[in-house]
Amino acid sequence: MKIVILGAPGAGKGTQAELIAKKYDIAHLSTGEILRNNIKAQTKLGKKAQTYVNKGKLVPDDIIIDLMKEKMRSKECKKGFILDGFPRTIAQATALNEIADIDFVLNIDVNPSILIKRLSGRRSCANCGAIYHLLSNPPKKKKGICDKCAGKLYQRDDDKIETVKERLITYNEQTKPLIDFYSSKKKLITIDANRAIKANFKEIVEKIDSHIESQ
Ligand code: AMP
């Protein structure tokens with residue numbers, strides 16, 4: 001199964017993509033997570049990407065397309081994958097069309113007024129990248145510590161309010177047009193994701209399963 005998950009920053013793409021990957025036994029490819037790991041390790045890619053990421057701007061298409069081509073060919077993607085954060089522009093979607101046959105695109109639809117609240121309370125694990133929220137999804141074992149790997153939770157630089165506003169503008173201008181792009185290809189499945197994580201995931205699973213049955 002090859003899936004794309006689309007949504008504004010703060011819609012909950014990363015959280016839902018992680019749950020979907022686990023349930024359907026496919027790889028979770030998060031471009032944001034790959035870029036953050038490269039920035040942390042100061043690789044060649046990380047050095048190129050960091051100014052864009054820190055400003056809430058998109059990393060140039062050619063860099064991202066080459067990166068994702070390589071990832072999708074890797075062994076971990078043999079059983080399929082969910083792309084979280086890619087494509088983010090029409091040029092990336094056009095390139096993806098030539099690389100892989102995507103089964104469907106999940107559009108995680110959230111009321112814009114909720115997005116800033118979700119982003120400002122988000123905390124990420126510095127070690128494994130797991131995502132938490134101070135109010136709606138805090139760690140269960142110890143405050144400020146990741147349940148999965150005991151790594152320290154932190155607030156991403158680009159989750160701070162000034163960058164969040166820039167990311168929302170970038171999303172509206174460059175990524176939102178993908179909704180029409182995939183809708184016209186009859187690939188789009190929209191999820192009303194204004195509820196809690198579990199309820200949103202339940203709707204996603206129902207829609208994925210009914211899509212699989214209809215094939
Ligand atoms: P995310 O974790 O998906 O919110 O991504 C964090 C940041 O990484 C974005 O704000 C962009 O700066 C960069 N990024 C992630 N995915 C892409 C992409 N497909 N194209 C360009 N930049 C990206």
# chains A, B, ... in the order shown; residues from 1 in each chain; ligands from 1
>>> closest_atom_pairs(of="chain A", to="ligand 1", cutoff="9 Å", atoms="only C-alpha atoms and all ligand atoms", output="CSV")
residue,atom,partner,partner_atom_place_in_ligand_line,distance
A:Ala8,CA,ligand 1,4 (O),8.4
A:Pro9,CA,ligand 1,4 (O),5.6
A:Gly10,CA,ligand 1,4 (O),7.9
A:Lys13,CA,ligand 1,3 (O),8.1
A:Gly14,CA,ligand 1,3 (O),7.5
A:Ser30,CA,ligand 1,3 (O),6.6
A:Thr31,CA,ligand 1,16 (N),4.5
A:Gly32,CA,ligand 1,2 (O),3.5
A:Glu33,CA,ligand 1,2 (O),5.8
A:Ile34,CA,ligand 1,15 (C),8.4
A:Leu35,CA,ligand 1,8 (O),6.2
A:Arg36,CA,ligand 1,8 (O),7.4
A:Ala49,CA,ligand 1,12 (O),7.5
A:Gln50,CA,ligand 1,12 (O),7.9
A:Thr51,CA,ligand 1,12 (O),8.4
A:Tyr52,CA,ligand 1,12 (O),5.2
A:Val53,CA,ligand 1,12 (O),3.4
A:Asn54,CA,ligand 1,12 (O),6.8
A:Lys55,CA,ligand 1,12 (O),7.2
A:Gly56,CA,ligand 1,10 (O),4.5
A:Lys57,CA,ligand 1,12 (O),4.8
A:Leu58,CA,ligand 1,22 (N),3.7
A:Val59,CA,ligand 1,22 (N),3.9
A:Pro60,CA,ligand 1,21 (C),6.0
A:Asp61,CA,ligand 1,20 (N),6.1
A:Ile63,CA,ligand 1,21 (C),8.3
A:Ile64,CA,ligand 1,20 (N),5.7
A:Ile65,CA,ligand 1,19 (N),7.9
A:Met68,CA,ligand 1,19 (N),8.7
A:Asp84,CA,ligand 1,3 (O),6.6
A:Gly85,CA,ligand 1,3 (O),4.4
A:Phe86,CA,ligand 1,19 (N),4.0
A:Pro87,CA,ligand 1,19 (N),4.9
A:Arg88,CA,ligand 1,19 (N),4.6
A:Thr89,CA,ligand 1,20 (N),7.1
A:Gln92,CA,ligand 1,19 (N),7.3
A:Asp158,CA,ligand 1,10 (O),7.1
A:Asp159,CA,ligand 1,4 (O),8.7
A:Thr163,CA,ligand 1,10 (O),8.6
A:Val164,CA,ligand 1,10 (O),8.6
A:Glu166,CA,ligand 1,10 (O),8.7
A:Arg167,CA,ligand 1,10 (O),5.8
A:Thr170,CA,ligand 1,10 (O),8.2
A:Tyr171,CA,ligand 1,10 (O),8.7
>>> select_by_dssp(residues="range 5-210 of chain A", states="strand (DSSP E or B)", output="JSON, numbers by chain")
{"A": [5, 6, 7, 27, 28, 29, 30, 81, 82, 83, 84, 104, 105, 106, 107, 108, 109, 122, 123, 124, 125, 131, 132, 133, 137, 145, 152, 153, 154, 188, 189, 190, 191, 192]}
>>> closest_residue(among="A:Leu19, A:Gly144, A:Pro177, A:Asp157", to="Lys198 in chain A", atoms="only C-alpha atoms")
A:Leu19
>>> residues_around(residues="Glu18 in chain A", least_positions_apart="6", cutoff="10 Å", atoms="only C-alpha atoms", output="list of chain:residue names")
A:Ile26, A:Ala27, A:His28, A:Leu29, A:Ser30, A:Ile82, A:Asp84, A:Ala130, A:Ile131
>>> residues_around(residues="range 185-193 of chain A", least_positions_apart="3", cutoff="12 Å", atoms="only C-alpha atoms", output="PyMOL selection string")
chain A and resi 2-8+10-13+15-16+93-94+97+101-112+114-115+178-182+196-211
>>> write_last_selection(atoms="C-alpha atoms", output="short mmCIF file (atom, residue, chain, number, x, y, z; two decimals), in the first residue's frame")
data_model
loop_
_atom_site.label_atom_id
_atom_site.label_comp_id
_atom_site.auth_asym_id
_atom_site.auth_seq_id
_atom_site.Cartn_x
_atom_site.Cartn_y
_atom_site.Cartn_z
CA LYS A 2 1.35 3.42 -0.99
CA ILE A 3 -0.28 6.37 0.73
CA VAL A 4 0.24 10.12 0.93
CA ILE A 5 -0.97 12.03 3.99
CA LEU A 6 -1.73 15.72 3.42
CA GLY A 7 -2.66 18.42 5.89
CA ALA A 8 -1.73 21.81 7.30
CA GLY A 10 -0.57 21.04 13.19
CA ALA A 11 -3.29 18.93 11.57
CA GLY A 12 -1.80 15.80 13.14
CA LYS A 13 -0.28 14.20 10.03
CA THR A 15 0.79 11.33 14.71
CA GLN A 16 -1.73 9.67 12.39
CA ALA A 93 3.50 15.81 -6.80
CA THR A 94 4.25 15.69 -10.53
CA ASN A 97 3.63 10.57 -10.15
CA ASP A 101 1.83 4.61 -8.14
CA ILE A 102 0.06 6.11 -5.13
CA ASP A 103 -3.11 4.24 -4.05
CA PHE A 104 -4.78 7.18 -2.32
CA VAL A 105 -4.17 10.48 -0.56
CA LEU A 106 -5.54 11.14 2.93
CA ASN A 107 -6.40 14.77 3.45
CA ILE A 108 -6.41 15.52 7.19
CA ASP A 109 -8.84 18.40 7.41
CA VAL A 110 -8.74 20.57 10.55
CA ASN A 111 -10.38 23.88 11.35
CA PRO A 112 -7.62 26.57 10.99
CA ILE A 114 -7.27 24.68 16.04
CA LEU A 115 -3.92 24.53 14.21
CA LEU A 178 -2.54 19.65 -3.90
CA ILE A 179 -6.06 19.01 -2.57
CA ASP A 180 -7.54 19.95 -5.96
CA PHE A 181 -4.67 18.20 -7.77
CA TYR A 182 -5.44 14.84 -6.13
CA ALA A 196 -9.20 13.67 19.48
CA ILE A 197 -6.38 11.47 18.13
CA LYS A 198 -8.22 8.15 18.71
CA ALA A 199 -11.48 9.27 17.09
CA ASN A 200 -9.63 10.68 14.08
CA PHE A 201 -7.66 7.44 13.71
CA LYS A 202 -10.87 5.38 13.87
CA GLU A 203 -12.33 7.35 10.96
CA ILE A 204 -9.09 6.98 9.00
CA VAL A 205 -9.05 3.19 9.45
CA GLU A 206 -12.72 2.90 8.42
CA LYS A 207 -12.07 4.91 5.28
CA ILE A 208 -8.86 3.04 4.39
CA ASP A 209 -10.55 -0.36 4.92
CA SER A 210 -13.58 0.54 2.85
CA HIS A 211 -11.26 1.84 0.11
#
>>> atom_distance(atom1="CA of Lys23 in chain A", atom2="CA of Ile39 in chain A")
29.5 Å
>>> atom_distance(atom1="CA of Ser120 in chain A", atom2="CA of Pro139 in chain A")
16.2 Å
>>> select_by_dssp(residues="chain A", states="alpha helix (DSSP H)", output="VMD selection string")
chain A and resid 13 to 24 31 to 40 44 to 55 61 to 72 90 to 99 112 to 120 161 to 170 177 to 184 197 to 214
>>> residues_around(residues="Leu135 in chain A", least_positions_apart="3", cutoff="12 Å", atoms="only C-alpha atoms", output="mmCIF file with all heavy atoms, in the first residue's frame")
data_model
loop_
_atom_site.group_PDB
_atom_site.id
_atom_site.type_symbol
_atom_site.label_atom_id
_atom_site.label_comp_id
_atom_site.auth_asym_id
_atom_site.auth_seq_id
_atom_site.Cartn_x
_atom_site.Cartn_y
_atom_site.Cartn_z
ATOM 1 N N LYS A 117 -3.164 26.194 18.163
ATOM 2 C CA LYS A 117 -3.209 25.577 19.509
ATOM 3 C C LYS A 117 -2.457 24.251 19.504
ATOM 4 O O LYS A 117 -1.683 23.940 20.399
ATOM 5 C CB LYS A 117 -4.673 25.292 19.883
ATOM 6 C CG LYS A 117 -5.287 26.370 20.745
ATOM 7 C CD LYS A 117 -6.652 25.905 21.235
ATOM 8 C CE LYS A 117 -7.656 27.033 21.064
ATOM 9 N NZ LYS A 117 -9.028 26.585 20.927
ATOM 10 N N ARG A 118 -2.696 23.460 18.453
ATOM 11 C CA ARG A 118 -2.035 22.148 18.395
ATOM 12 C C ARG A 118 -0.528 22.303 18.280
ATOM 13 O O ARG A 118 0.229 21.588 18.912
ATOM 14 C CB ARG A 118 -2.554 21.340 17.196
ATOM 15 C CG ARG A 118 -3.955 20.798 17.440
ATOM 16 C CD ARG A 118 -4.256 19.663 16.483
ATOM 17 N NE ARG A 118 -5.611 19.184 16.661
ATOM 18 C CZ ARG A 118 -6.236 18.413 15.799
ATOM 19 N NH1 ARG A 118 -5.642 18.018 14.698
ATOM 20 N NH2 ARG A 118 -7.469 18.004 16.036
ATOM 21 N N LEU A 119 -0.093 23.272 17.451
ATOM 22 C CA LEU A 119 1.351 23.425 17.238
ATOM 23 C C LEU A 119 2.052 23.986 18.455
ATOM 24 O O LEU A 119 3.150 23.559 18.801
ATOM 25 C CB LEU A 119 1.605 24.353 16.039
ATOM 26 C CG LEU A 119 1.347 23.720 14.685
ATOM 27 C CD1 LEU A 119 1.329 24.787 13.608
ATOM 28 C CD2 LEU A 119 2.403 22.680 14.357
ATOM 29 N N SER A 120 1.408 24.938 19.155
ATOM 30 C CA SER A 120 2.119 25.561 20.269
ATOM 31 C C SER A 120 2.259 24.601 21.452
ATOM 32 O O SER A 120 3.178 24.733 22.245
ATOM 33 C CB SER A 120 1.452 26.873 20.686
ATOM 34 O OG SER A 120 0.120 26.599 21.031
ATOM 35 N N GLY A 121 1.378 23.602 21.551
ATOM 36 C CA GLY A 121 1.487 22.626 22.647
ATOM 37 C C GLY A 121 2.263 21.383 22.247
ATOM 38 O O GLY A 121 2.458 20.477 23.057
ATOM 39 N N ARG A 122 2.721 21.339 21.019
ATOM 40 C CA ARG A 122 3.398 20.117 20.564
ATOM 41 C C ARG A 122 4.796 20.012 21.159
ATOM 42 O O ARG A 122 5.527 20.988 21.246
ATOM 43 C CB ARG A 122 3.510 20.131 19.036
ATOM 44 C CG ARG A 122 4.295 18.940 18.504
ATOM 45 C CD ARG A 122 3.935 18.623 17.115
ATOM 46 N NE ARG A 122 4.547 19.538 16.163
ATOM 47 C CZ ARG A 122 4.351 19.438 14.842
ATOM 48 N NH1 ARG A 122 3.560 18.504 14.355
ATOM 49 N NH2 ARG A 122 4.924 20.287 14.032
ATOM 50 N N ARG A 123 5.163 18.817 21.559
ATOM 51 C CA ARG A 123 6.530 18.546 22.008
ATOM 52 C C ARG A 123 7.008 17.295 21.274
ATOM 53 O O ARG A 123 6.221 16.381 21.023
ATOM 54 C CB ARG A 123 6.573 18.299 23.526
ATOM 55 C CG ARG A 123 6.195 19.522 24.365
ATOM 56 C CD ARG A 123 7.198 20.681 24.238
ATOM 57 N NE ARG A 123 6.833 21.853 25.022
ATOM 58 C CZ ARG A 123 6.077 22.860 24.576
ATOM 59 N NH1 ARG A 123 5.610 22.852 23.349
ATOM 60 N NH2 ARG A 123 5.801 23.888 25.364
ATOM 61 N N TYR A 132 4.248 14.395 20.894
ATOM 62 C CA TYR A 132 3.342 14.510 22.044
ATOM 63 C C TYR A 132 2.656 15.870 22.004
ATOM 64 O O TYR A 132 3.020 16.741 21.213
ATOM 65 C CB TYR A 132 4.133 14.369 23.355
ATOM 66 C CG TYR A 132 4.782 13.014 23.519
ATOM 67 C CD1 TYR A 132 6.045 12.754 22.964
ATOM 68 C CD2 TYR A 132 4.127 11.989 24.178
ATOM 69 C CE1 TYR A 132 6.630 11.497 23.082
ATOM 70 C CE2 TYR A 132 4.706 10.730 24.306
ATOM 71 C CZ TYR A 132 5.958 10.495 23.757
ATOM 72 O OH TYR A 132 6.533 9.254 23.872
ATOM 73 N N PRO A 138 -0.065 13.981 26.414
ATOM 74 C CA PRO A 138 1.195 14.084 27.170
ATOM 75 C C PRO A 138 1.826 12.700 27.351
ATOM 76 O O PRO A 138 1.119 11.689 27.252
ATOM 77 C CB PRO A 138 0.740 14.658 28.523
ATOM 78 C CG PRO A 138 -0.678 14.241 28.652
ATOM 79 C CD PRO A 138 -1.246 14.098 27.268
ATOM 80 N N PRO A 139 3.129 12.641 27.649
ATOM 81 C CA PRO A 139 3.733 11.321 27.903
ATOM 82 C C PRO A 139 3.060 10.684 29.122
ATOM 83 O O PRO A 139 2.669 11.384 30.056
ATOM 84 C CB PRO A 139 5.203 11.655 28.188
ATOM 85 C CG PRO A 139 5.252 13.106 28.464
ATOM 86 C CD PRO A 139 4.087 13.735 27.793
ATOM 87 N N LYS A 140 2.895 9.349 29.085
ATOM 88 C CA LYS A 140 2.141 8.671 30.146
ATOM 89 C C LYS A 140 3.010 8.354 31.357
ATOM 90 O O LYS A 140 2.526 8.270 32.474
ATOM 91 C CB LYS A 140 1.516 7.378 29.605
ATOM 92 C CG LYS A 140 0.435 7.664 28.587
ATOM 93 C CD LYS A 140 -0.264 6.397 28.113
ATOM 94 C CE LYS A 140 -1.324 6.730 27.083
ATOM 95 N NZ LYS A 140 -0.771 7.205 25.786
ATOM 96 N N LYS A 143 6.745 13.220 33.018
ATOM 97 C CA LYS A 143 6.636 14.537 32.380
ATOM 98 C C LYS A 143 7.939 14.899 31.644
ATOM 99 O O LYS A 143 9.027 14.782 32.219
ATOM 100 C CB LYS A 143 6.365 15.575 33.485
ATOM 101 C CG LYS A 143 5.811 16.876 32.981
ATOM 102 C CD LYS A 143 5.492 17.786 34.164
ATOM 103 C CE LYS A 143 5.483 19.215 33.702
ATOM 104 N NZ LYS A 143 5.464 20.174 34.792
ATOM 105 N N ALA A 196 -10.412 14.152 18.810
ATOM 106 C CA ALA A 196 -9.197 13.669 19.483
ATOM 107 C C ALA A 196 -8.487 12.638 18.595
ATOM 108 O O ALA A 196 -9.071 12.116 17.642
ATOM 109 C CB ALA A 196 -9.585 13.047 20.816
ATOM 110 N N ILE A 197 -7.231 12.349 18.947
ATOM 111 C CA ILE A 197 -6.382 11.473 18.125
ATOM 112 C C ILE A 197 -7.062 10.127 17.826
ATOM 113 O O ILE A 197 -7.105 9.680 16.678
ATOM 114 C CB ILE A 197 -5.030 11.227 18.844
ATOM 115 C CG1 ILE A 197 -4.251 12.545 18.947
ATOM 116 C CG2 ILE A 197 -4.191 10.165 18.129
ATOM 117 C CD1 ILE A 197 -3.023 12.496 19.844
#
>>> atom_distance(atom1="CA of Gly129 in chain A", atom2="CA of Tyr24 in chain A")
20.2 Å
